[in-house]
Structure formats: structure tokens, C-alpha cells
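Okay, data.txt is below, compact mmCIF, C-alpha atoms:
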# COMPACT_ATOMS: atom_id res chain seq x y z
CA MET V 44 -72.52 19.94 22.31
CA GLU V 45 -70.64 16.71 21.70
CA ALA V 46 -67.26 17.16 20.02
CA ALA V 47 -66.90 15.87 16.49
CA PRO V 48 -64.97 12.60 16.18
CA LYS V 49 -61.30 12.93 15.38
CA PRO V 50 -60.17 12.04 11.85
CA VAL V 51 -58.67 8.62 11.38
CA ARG V 52 -55.27 8.28 9.76
CA GLU V 53 -54.70 5.22 7.66
CA ASP V 54 -50.93 4.79 7.88
CA ALA V 55 -49.62 2.09 10.21
CA GLY V 56 -46.85 4.40 11.38
CA ALA V 57 -49.27 7.07 12.50
CA SER V 58 -47.91 9.96 14.51
CA PRO V 59 -49.48 11.34 17.72
CA PRO V 60 -52.77 13.27 17.73
CA GLU V 61 -52.92 16.81 16.41
CA ALA V 62 -50.88 19.50 18.12
CA GLY V 63 -53.99 20.90 19.77
CA ARG V 64 -54.20 17.85 22.05
CA PRO V 65 -50.63 16.66 22.50
CA GLY V 66 -51.10 14.90 25.83
CA ARG V 67 -48.44 13.10 27.85
CA ALA V 68 -48.20 10.21 25.40
CA ALA V 69 -47.63 12.50 22.43
CA ARG V 70 -45.00 14.54 24.23
CA SER V 71 -43.05 11.48 25.39
CA ALA V 72 -43.41 9.89 21.96
CA LYS V 73 -41.33 12.63 20.31
CA GLN V 74 -38.14 10.91 21.43
CA GLN V 75 -39.24 7.49 20.15
CA PRO V 76 -39.05 5.91 16.69
CA ARG V 77 -42.22 6.47 14.68
CA SER V 78 -43.55 2.93 15.17
CA GLU V 79 -42.95 3.15 18.93
CA GLN V 80 -44.76 6.49 18.97
CA THR V 81 -47.83 4.82 17.54
CA ARG V 82 -47.61 1.82 19.87
CA THR V 83 -47.25 4.07 22.93
CA LEU V 84 -50.06 6.34 21.77
CA ILE V 85 -52.49 3.44 21.30
CA LEU V 86 -51.65 2.00 24.72
CA GLU V 87 -51.96 5.35 26.50
CA THR V 88 -55.27 5.97 24.78
CA ALA V 89 -56.57 2.52 25.69
CA LEU V 90 -55.65 2.92 29.36
CA ARG V 91 -57.38 6.29 29.46
CA LEU V 92 -60.54 4.87 27.90
CA PHE V 93 -60.45 1.85 30.23
CA ARG V 94 -60.47 4.30 33.14
CA GLU V 95 -63.16 6.55 31.66
CA ARG V 96 -65.53 3.99 30.11
CA GLY V 97 -64.55 0.66 31.65
CA TYR V 98 -62.76 -2.25 30.03
CA ASP V 99 -65.85 -4.07 28.75
CA ARG V 100 -67.33 -0.94 27.16
CA THR V 101 -64.15 0.07 25.35
CA THR V 102 -63.73 -1.30 21.83
CA MET V 103 -60.68 -1.44 19.59
CA ARG V 104 -62.53 0.83 17.17
CA ALA V 105 -63.07 3.43 19.89
CA ILE V 106 -59.42 3.23 20.90
CA ALA V 107 -58.31 3.73 17.29
CA GLN V 108 -60.66 6.68 16.81
CA GLU V 109 -59.52 8.40 20.01
CA ALA V 110 -55.86 7.80 19.13
CA GLY V 111 -56.35 9.15 15.63
CA VAL V 112 -55.20 5.98 13.85
CA SER V 113 -56.99 3.47 11.67
CA VAL V 114 -58.55 0.36 13.15
CA GLY V 115 -56.09 -1.64 11.05
CA SER V 116 -53.19 0.23 12.63
CA ALA V 117 -54.53 -0.50 16.11
CA TYR V 118 -54.73 -4.20 15.31
CA TYR V 119 -51.29 -4.10 13.70
CA TYR V 120 -49.72 -3.19 17.05
CA TYR V 121 -52.12 -5.03 19.36
CA ASP V 122 -54.01 -8.11 18.21
CA SER V 123 -56.82 -7.57 20.72
CA LYS V 124 -57.83 -5.77 23.89
CA GLU V 125 -56.18 -8.61 25.80
CA HIS V 126 -52.86 -7.73 24.19
CA LEU V 127 -53.39 -4.14 25.23
CA VAL V 128 -53.75 -5.38 28.79
CA GLN V 129 -50.41 -7.16 28.37
CA GLY V 130 -49.04 -3.76 27.42
CA PHE V 131 -50.56 -2.46 30.66
CA TYR V 132 -48.78 -5.22 32.57
CA ASP V 133 -45.50 -4.15 30.99
CA ARG V 134 -46.18 -0.51 31.80
CA ILE V 135 -47.12 -1.03 35.43
CA THR V 136 -44.13 -3.35 35.95
CA GLU V 137 -41.78 -0.72 34.54
CA GLN V 138 -43.30 1.88 36.86
CA HIS V 139 -43.00 -0.51 39.79
CA GLN V 140 -39.34 -1.17 38.99
CA ALA V 141 -38.60 2.56 38.99
CA ALA V 142 -40.53 3.15 42.22
CA ALA V 143 -38.89 0.14 43.91
CA ALA V 144 -35.42 1.35 42.96
CA ARG V 145 -36.08 4.63 44.74
CA VAL V 146 -37.44 3.11 47.95
CA LEU V 147 -34.82 0.35 48.18
CA ASP V 148 -31.83 2.64 47.86
CA GLY V 149 -29.98 2.78 51.16
CA GLU V 150 -32.45 0.58 53.09
CA GLY V 151 -31.05 -2.65 54.54
CA ASP V 152 -33.85 -3.87 56.79
CA LEU V 153 -35.63 -6.76 55.08
CA ALA V 154 -39.06 -6.00 56.54
CA ALA V 155 -38.77 -2.37 55.44
CA ARG V 156 -37.68 -3.44 51.95
CA ILE V 157 -40.59 -5.88 51.55
CA ARG V 158 -43.05 -3.30 52.84
CA ALA V 159 -41.70 -0.54 50.59
CA VAL V 160 -41.92 -2.67 47.45
CA LEU V 161 -45.49 -3.79 48.19
CA LEU V 162 -46.60 -0.24 48.95
CA ALA V 163 -44.85 1.00 45.81
CA TRP V 164 -46.91 -1.44 43.75
CA LEU V 165 -50.12 -0.18 45.33
CA ASP V 166 -49.08 3.39 44.55
CA VAL V 167 -48.46 2.78 40.85
CA ALA V 168 -51.55 0.57 40.47
CA GLU V 169 -54.02 2.83 42.26
CA PRO V 170 -55.02 4.91 39.18
CA TYR V 171 -56.28 1.68 37.58
CA HIS V 172 -58.20 0.37 40.58
CA GLU V 173 -61.64 1.14 39.18
CA PHE V 174 -61.35 -1.29 36.29
CA ALA V 175 -59.01 -3.82 37.96
CA ALA V 176 -61.95 -6.11 38.72
CA GLN V 177 -62.81 -6.25 35.01
CA PHE V 178 -59.26 -7.35 34.24
CA PHE V 179 -59.41 -9.93 36.99
CA LYS V 180 -62.42 -11.64 35.45
CA ASN V 181 -60.20 -12.59 32.53
CA ALA V 182 -56.95 -12.98 34.45
CA ALA V 183 -58.56 -15.55 36.77
CA ASP V 184 -59.08 -17.89 33.80
CA PRO V 185 -56.02 -20.19 33.72
CA ASP V 186 -56.30 -20.42 29.92
CA SER V 187 -56.44 -16.65 29.44
CA PRO V 188 -53.37 -14.80 28.15
CA LEU V 189 -54.12 -12.27 30.87
CA SER V 190 -53.38 -14.80 33.61
CA PRO V 191 -50.24 -13.79 35.54
CA PHE V 192 -49.11 -17.42 35.14
CA SER V 193 -49.57 -17.53 31.35
CA ALA V 194 -46.76 -17.78 28.81
CA GLU V 195 -47.81 -14.37 27.47
CA SER V 196 -47.22 -12.84 30.93
CA GLU V 197 -43.72 -14.26 31.24
CA GLY V 198 -41.98 -10.91 30.62
CA PRO V 199 -43.68 -8.84 33.34
CA ARG V 200 -43.74 -11.87 35.67
CA SER V 201 -39.98 -12.29 35.36
CA ALA V 202 -39.37 -8.56 35.77
CA ALA V 203 -41.55 -8.48 38.89
CA THR V 204 -39.67 -11.47 40.33
CA ASP V 205 -36.41 -9.62 39.74
CA ILE V 206 -37.67 -6.81 41.95
CA HIS V 207 -38.05 -9.26 44.82
CA ARG V 208 -34.63 -10.70 44.04
CA ARG V 209 -33.26 -7.20 44.60
CA VAL V 210 -35.21 -6.94 47.85
CA LEU V 211 -33.37 -9.99 49.17
CA ALA V 212 -29.96 -9.20 47.69
CA GLY V 213 -29.75 -5.81 49.38
CA ALA V 214 -31.07 -6.85 52.79
CA ASP V 215 -28.96 -7.34 55.89
CA THR V 216 -30.95 -10.43 56.92
CA ARG V 217 -29.32 -13.85 56.83
CA TYR V 218 -31.28 -16.93 55.79
CA ASP V 219 -30.71 -20.50 54.67
CA PRO V 220 -29.01 -20.28 51.24
CA GLU V 221 -30.95 -23.31 50.00
CA LEU V 222 -34.01 -21.10 49.88
CA GLY V 223 -32.26 -18.50 47.74
CA GLU V 224 -33.51 -20.10 44.54
CA TYR V 225 -37.13 -19.96 45.62
CA LEU V 226 -37.59 -16.88 47.79
CA PRO V 227 -37.93 -14.31 44.97
CA HIS V 228 -40.72 -16.39 43.44
CA LEU V 229 -42.42 -16.84 46.81
CA LEU V 230 -42.28 -13.09 47.41
CA TRP V 231 -43.83 -12.57 43.98
CA LEU V 232 -46.63 -14.98 44.92
CA GLN V 233 -47.12 -12.96 48.10
CA GLN V 234 -47.47 -9.87 45.92
CA MET V 235 -50.07 -11.69 43.81
CA GLY V 236 -52.01 -12.37 46.99
CA LEU V 237 -51.91 -8.66 47.77
CA VAL V 238 -53.08 -7.90 44.23
CA LEU V 239 -56.08 -10.19 44.67
CA PHE V 240 -56.95 -8.53 47.98
CA TRP V 241 -56.54 -5.09 46.37
CA VAL V 242 -58.86 -5.96 43.47
CA HIS V 243 -61.66 -6.60 46.00
CA ASP V 244 -60.70 -3.76 48.36
CA ARG V 245 -63.30 -0.99 48.40
CA SER V 246 -61.81 1.03 51.24
CA GLU V 247 -60.93 4.63 50.44
CA GLY V 248 -57.48 4.90 48.90
CA SER V 249 -57.11 1.10 49.23
CA ALA V 250 -56.37 1.68 52.91
CA ARG V 251 -57.00 -1.95 53.86
CA SER V 252 -54.59 -3.18 51.19
CA ARG V 253 -51.93 -0.79 52.44
CA ARG V 254 -52.50 -2.00 55.98
CA LEU V 255 -52.15 -5.59 54.81
CA ALA V 256 -48.82 -4.80 53.14
CA GLU V 257 -47.55 -3.08 56.27
CA ARG V 258 -48.58 -5.97 58.53
CA VAL V 259 -47.43 -8.86 56.35
CA ALA V 260 -43.94 -7.46 55.63
CA PRO V 261 -42.44 -7.96 59.12
CA ILE V 262 -44.06 -11.40 59.41
CA THR V 263 -42.52 -12.47 56.11
CA ALA V 264 -39.13 -11.02 57.03
CA ARG V 265 -39.14 -12.80 60.37
CA ALA V 266 -40.08 -16.12 58.79
CA ILE V 267 -37.24 -15.75 56.28
CA SER V 268 -34.69 -14.91 59.00
CA LEU V 269 -35.72 -17.90 61.10
CA THR V 270 -34.65 -20.30 58.36
CA ARG V 271 -30.98 -19.76 59.28
CA PHE V 272 -31.37 -21.60 62.58
CA ARG V 273 -30.26 -25.22 62.61
CA LEU V 274 -33.37 -26.28 64.50
CA LEU V 275 -35.47 -25.39 61.46
CA ARG V 276 -33.22 -27.02 58.87
CA PRO V 277 -35.47 -30.12 58.50
CA LEU V 278 -38.42 -27.83 57.78
CA VAL V 279 -36.33 -25.87 55.28
CA ARG V 280 -35.31 -29.10 53.53
CA GLU V 281 -38.92 -30.26 53.29
CA THR V 282 -39.94 -26.85 51.97
CA CYS V 283 -37.19 -26.93 49.34
CA ASP V 284 -38.19 -30.42 48.26
CA LEU V 285 -41.82 -29.35 47.92
CA LEU V 286 -40.94 -26.21 45.98
CA GLY V 287 -38.49 -28.12 43.84
CA GLU V 288 -41.25 -30.52 42.86
CA LEU V 289 -43.91 -27.92 42.16
CA MET V 290 -42.12 -24.74 41.14
CA PRO V 291 -40.67 -24.57 37.62
CA THR V 292 -37.51 -22.56 37.12
CA ALA V 293 -38.10 -21.37 33.56
CA ALA V 294 -38.30 -17.58 33.25
CA GLY V 295 -39.15 -17.11 36.91
CA ALA V 296 -42.59 -18.75 36.65
CA ALA V 297 -43.88 -19.48 40.11
CA ALA V 298 -46.49 -22.11 39.52
CA ARG V 299 -47.69 -23.55 36.25
CA GLY V 300 -47.80 -26.69 34.18
CA PRO V 301 -46.06 -27.21 30.85
CA ARG V 302 -46.70 -24.34 28.48
CA ARG V 303 -48.63 -24.85 25.32
CA GLY V 304 -47.16 -23.83 22.02
CA THR V 305 -44.20 -21.77 23.25
CA GLY V 306 -41.45 -24.31 22.61
CA ARG V 307 -39.49 -22.69 25.44
CA ASP V 308 -40.30 -24.82 28.45
CA THR V 309 -37.80 -27.47 29.47
CA GLY V 310 -40.63 -29.43 31.07
CA ARG V 311 -38.50 -29.88 34.19
CA THR V 312 -39.26 -28.62 37.66
CA ALA V 313 -36.70 -26.93 39.86
CA GLY V 314 -35.99 -30.24 41.57
CA GLU V 315 -35.41 -31.95 38.24
CA GLU V 316 -33.15 -29.11 37.16
CA ALA V 317 -31.14 -29.58 40.33
CA GLY V 318 -30.87 -33.29 39.59
CA ALA V 319 -29.65 -32.50 36.10
CA HIS V 320 -26.79 -30.56 37.71
CA GLY V 321 -25.64 -33.25 40.07
CA GLY V 322 -28.19 -32.49 42.77
CA ARG V 323 -26.61 -29.14 43.61
CA ARG V 324 -28.92 -26.28 44.44
CA PRO V 325 -27.69 -22.81 43.47
CA ALA V 326 -26.54 -20.67 46.36
CA ARG V 327 -28.27 -17.42 47.07
CA GLY V 328 -28.25 -15.11 44.06
CA THR V 329 -26.95 -17.63 41.55
CA ALA V 330 -30.41 -18.15 40.01
CA ALA V 331 -30.02 -14.70 38.48
CA GLY V 332 -26.36 -15.09 37.64
CA GLU V 333 -25.34 -13.16 40.74
CA PRO V 334 -22.57 -14.04 43.17
CA PRO V 335 -23.73 -15.52 46.49
CA GLY V 336 -24.81 -12.73 48.82
CA ARG V 337 -25.07 -12.42 52.52
CA GLY V 338 -26.75 -15.24 54.25

Turn this file's structure into C-alpha cells for me.
Amino acid sequence: MEAAPKPVREDAGASPPEAGRPGRAARSAKQQPRSEQTRTLILETALRLFRERGYDRTTMRAIAQEAGVSVGSAYYYYDSKEHLVQGFYDRITEQHQAAAARVLDGEGDLAARIRAVLLAWLDVAEPYHEFAAQFFKNAADPDSPLSPFSAESEGPRSAATDIHRRVLAGADTRYDPELGEYLPHLLWLQQMGLVLFWVHDRSEGSARSRRLAERVAPITARAISLTRFRLLRPLVRETCDLLGELMPTAAGAAARGPRRGTGRDTGRTAGEEAGAHGGRRPARGTAAGEPPGRG
């Protein structure tokens, strides 16, 4: 017999579902302010329904009903399903940061650090693999707020780039310091390539994606280390000029045009920013306010 629908509470600061079904979200919410409890509960419920029913078949009304809040409350915290997906981006980035911190601790080899961070992302993302393709249909639209290059995705994009900045900062590999401004963003783009491959990967346990991460990490590390040799300096200069022309510096965005309606973009590329500072390129680490590191 189908269970009766849960009652809907009308207050915007709704508390977690009844004690009979506390769930992980309700338990963790006890240490949060009331409004954060409700926000977390709605997000956890949405992610569960996305897994169980699929993204397209899950409505805001169904999410509200399952969470035990009013539809108005659900819309108060999240304007749409797309904004719930932004909450998912934030969640998976936080989980990736925690996992990356564990695997990077004490490891100095650059290839091992790159590989560990890519595999850590696959680990935290795997529970959501079944509906990842549904997300991608929207994320592939350059005008969608779900695009990883959108203004709305700036927070998780910047946080993800910071992970790769840590990968480089703690490595024992030397490289041309002129690339220090760009490498974290390029490593993030490499991760986005892995994400795209993973979305279409139907091998059991995403085995092919894991193999790709393991194979690409030493190649990337070797390419980075080769930049320190004088013979390759002309190539490094050309690469920096190209990236300076095409890669904006604002908020760690890797590749986009001027943002619409945010009022936060300087409208200048990395090369123009360098020109605005007397043509000097930051040394390694200075893009994040860090002292120059090894290399």
C-alpha cells in the first residue's frame, strides 16, 4: 500500500521532517540555524529525489512535499530546480575540497597530487552519476545558469580552482613561474574535460573515467615540469600570451566573455590586467595572495 503523503508545513523556517524519519539531513541540521536547517533539508531532499526519480521527473512541489515544507518555502530558498542544482554544485565542491585535503596531505609528487584530486572528484560525484547526463543537457547551454562558466557558478568554480592551486603549491615540481597565474585554471579545465568524459562513461564504477584520470595525471605533470627548461621558454611565452588574451582573471573564471548583469566583471583579460600593472605577471602563487612558491 502506498504511504500517505507527508503533511506540508507552511512556515518558511520549517524544521526537519518528523522524528520518525530524521535522516542524515535532519540530524546534521540540528546544529544549524533554523533557516539553514530548512535550506539543507530541501537540498538533501531534492538530491535524493533526483537520484530516485530523475531530474526531469522531479518537481518543486514534490520536493516540498517530501521535505515537509510548503511549496512557497521551497521557492523562498531556491528560485527553481536550476538553483537547487547550484546548491548541488556547492555541495559536491565542498566534499571534493575535504577529500582533496586528505589525499594531498604529505604527498609531494605532482603527478600523484593531480591523480589523487581527479580520483577524489570521481569518488564524491559517483552517487550522482545516474542523473548527471540530465544536468549536462542544461549545463551545456552557454546561457544556462547551470553552465560551469556562468556567473551563477562562480563560487564553486573558484573553489574548485583553489583546489588545483593547492595541488601546485604543495608539489615538489619546478616550472616556469610565468605560468603560475594560469596553471590552476588550466588544471580546472582539465577536470572539466574529465567531467564531460565521466558524464558519458557507462563502464561499471566509471572505470574508464578512473583510468583516464590515472593516465592523464603523469602526462600533465611532465608537461608542467618541462616548462622550466630554457629551450621551451619561447613556447611558454607564446602560451602565456595566448592565455593572457583569452583567459579572464576575475574570480578564477577559465574561459568566458563579459558577464551579463553581474556588475562585477572588469571586462579585462589577464593580459590586459598585466598591462594595467606595468606589464608584470604575478609570480607563482601571487594570484591567490600567496608568496611565491617553489619553481

Per-residue nearest contacts of range 78-172 of chain V to range 196-220 of chain V (6 Å; all atoms listed in the file) as JSON lines:
{"residue": "V:Asp133", "atom": "CA", "partner": "V:Pro199", "partner_atom": "CA", "distance": 5.6}
{"residue": "V:Gly151", "atom": "CA", "partner": "V:Ala214", "partner_atom": "CA", "distance": 4.6}
{"residue": "V:Asp152", "atom": "CA", "partner": "V:Ala214", "partner_atom": "CA", "distance": 5.7}
{"residue": "V:Leu153", "atom": "CA", "partner": "V:Ala214", "partner_atom": "CA", "distance": 5.1}
{"residue": "V:Arg156", "atom": "CA", "partner": "V:Val210", "partner_atom": "CA", "distance": 5.9}

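Distances from V:Ala168, V:Arg145, V:Leu237, V:Leu222 to Ser268 in chain V were compared using only C-alpha atoms, and the smallest one belongs to V:Leu222.
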
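CA of Lys124 in chain V lies 13.8 Å from CA of Phe179 in chain V.
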
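CA of Ala264 in chain V sits 28.2 Å away from CA of Arg134 in chain V.
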
If the box runs along x, y and z of the file and leaves 3 Å on each side of range 101-104 of chain V, what are its centre and edge lengths in Å, one decimal, as lines of an AutoDock Vina configuration file?
center_x = -62.4
center_y = -0.3
center_z = 21.3
size_x = 9.5
size_y = 8.3
size_z = 14.2

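Going from CA of Arg253 in chain V over to CA of Met235 in chain V, you cover 14.0 Å.
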
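Minimum atom-to-atom distance to Thr270 in chain V, evaluated using only C-alpha atoms, belongs to V:Gly223 out of V:Gly223, V:Gly287, V:Pro76, V:Gly236.
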
Skipping near chain neighbours, those fewer than 3 positions away, what residues fall within 12 Å of range 127-130 of chain V using all atoms listed in the file, listed as a CSV table (one decimal) with C-alpha atoms, keeping the file's coordinate frame?
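Saved file part-v9.csv follows:
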chain,number,residue,atom,x,y,z
V,82,ARG,CA,-47.6,1.8,19.9
V,83,THR,CA,-47.2,4.1,22.9
V,84,LEU,CA,-50.1,6.3,21.8
V,85,ILE,CA,-52.5,3.4,21.3
V,86,LEU,CA,-51.6,2.0,24.7
V,87,GLU,CA,-52.0,5.4,26.5
V,88,THR,CA,-55.3,6.0,24.8
V,89,ALA,CA,-56.6,2.5,25.7
V,90,LEU,CA,-55.6,2.9,29.4
V,91,ARG,CA,-57.4,6.3,29.5
V,92,LEU,CA,-60.5,4.9,27.9
V,93,PHE,CA,-60.4,1.8,30.2
V,98,TYR,CA,-62.8,-2.2,30.0
V,101,THR,CA,-64.2,0.1,25.4
V,102,THR,CA,-63.7,-1.3,21.8
V,103,MET,CA,-60.7,-1.4,19.6
V,106,ILE,CA,-59.4,3.2,20.9
V,117,ALA,CA,-54.5,-0.5,16.1
V,118,TYR,CA,-54.7,-4.2,15.3
V,119,TYR,CA,-51.3,-4.1,13.7
V,120,TYR,CA,-49.7,-3.2,17.0
V,121,TYR,CA,-52.1,-5.0,19.4
V,122,ASP,CA,-54.0,-8.1,18.2
V,123,SER,CA,-56.8,-7.6,20.7
V,124,LYS,CA,-57.8,-5.8,23.9
V,133,ASP,CA,-45.5,-4.2,31.0
V,134,ARG,CA,-46.2,-0.5,31.8
V,135,ILE,CA,-47.1,-1.0,35.4
V,136,THR,CA,-44.1,-3.4,36.0
V,137,GLU,CA,-41.8,-0.7,34.5
V,171,TYR,CA,-56.3,1.7,37.6
V,174,PHE,CA,-61.4,-1.3,36.3
V,175,ALA,CA,-59.0,-3.8,38.0
V,177,GLN,CA,-62.8,-6.2,35.0
V,178,PHE,CA,-59.3,-7.4,34.2
V,179,PHE,CA,-59.4,-9.9,37.0
V,181,ASN,CA,-60.2,-12.6,32.5
V,182,ALA,CA,-57.0,-13.0,34.4
V,187,SER,CA,-56.4,-16.6,29.4
V,188,PRO,CA,-53.4,-14.8,28.2
V,189,LEU,CA,-54.1,-12.3,30.9
V,190,SER,CA,-53.4,-14.8,33.6
V,191,PRO,CA,-50.2,-13.8,35.5
V,193,SER,CA,-49.6,-17.5,31.4
V,194,ALA,CA,-46.8,-17.8,28.8
V,195,GLU,CA,-47.8,-14.4,27.5
V,196,SER,CA,-47.2,-12.8,30.9
V,197,GLU,CA,-43.7,-14.3,31.2
V,198,GLY,CA,-42.0,-10.9,30.6
V,199,PRO,CA,-43.7,-8.8,33.3
V,200,ARG,CA,-43.7,-11.9,35.7

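You can rank V:Leu226, V:Ala256, V:Ala110, V:Ala105 by their closest distance to Trp164 in chain V using all atoms listed in the file, and at the top of that list sits V:Ala256.
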
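Using all atoms listed in the file, the nearest neighbour of Phe240 in chain V within the list V:Leu255, V:Val112, V:Leu161, V:Ala155 is V:Leu255.
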
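When only C-alpha atoms are used to measure the gap to Glu224 in chain V, the shortest distance among V:Thr282, V:Gly248, V:Val238, V:Arg273 belongs to V:Thr282.
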
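The residue that comes closest to Leu289 in chain V, out of V:Ala260, V:Ser116, V:Asp148, V:Tyr225 and on the basis of only C-alpha atoms, is V:Tyr225.
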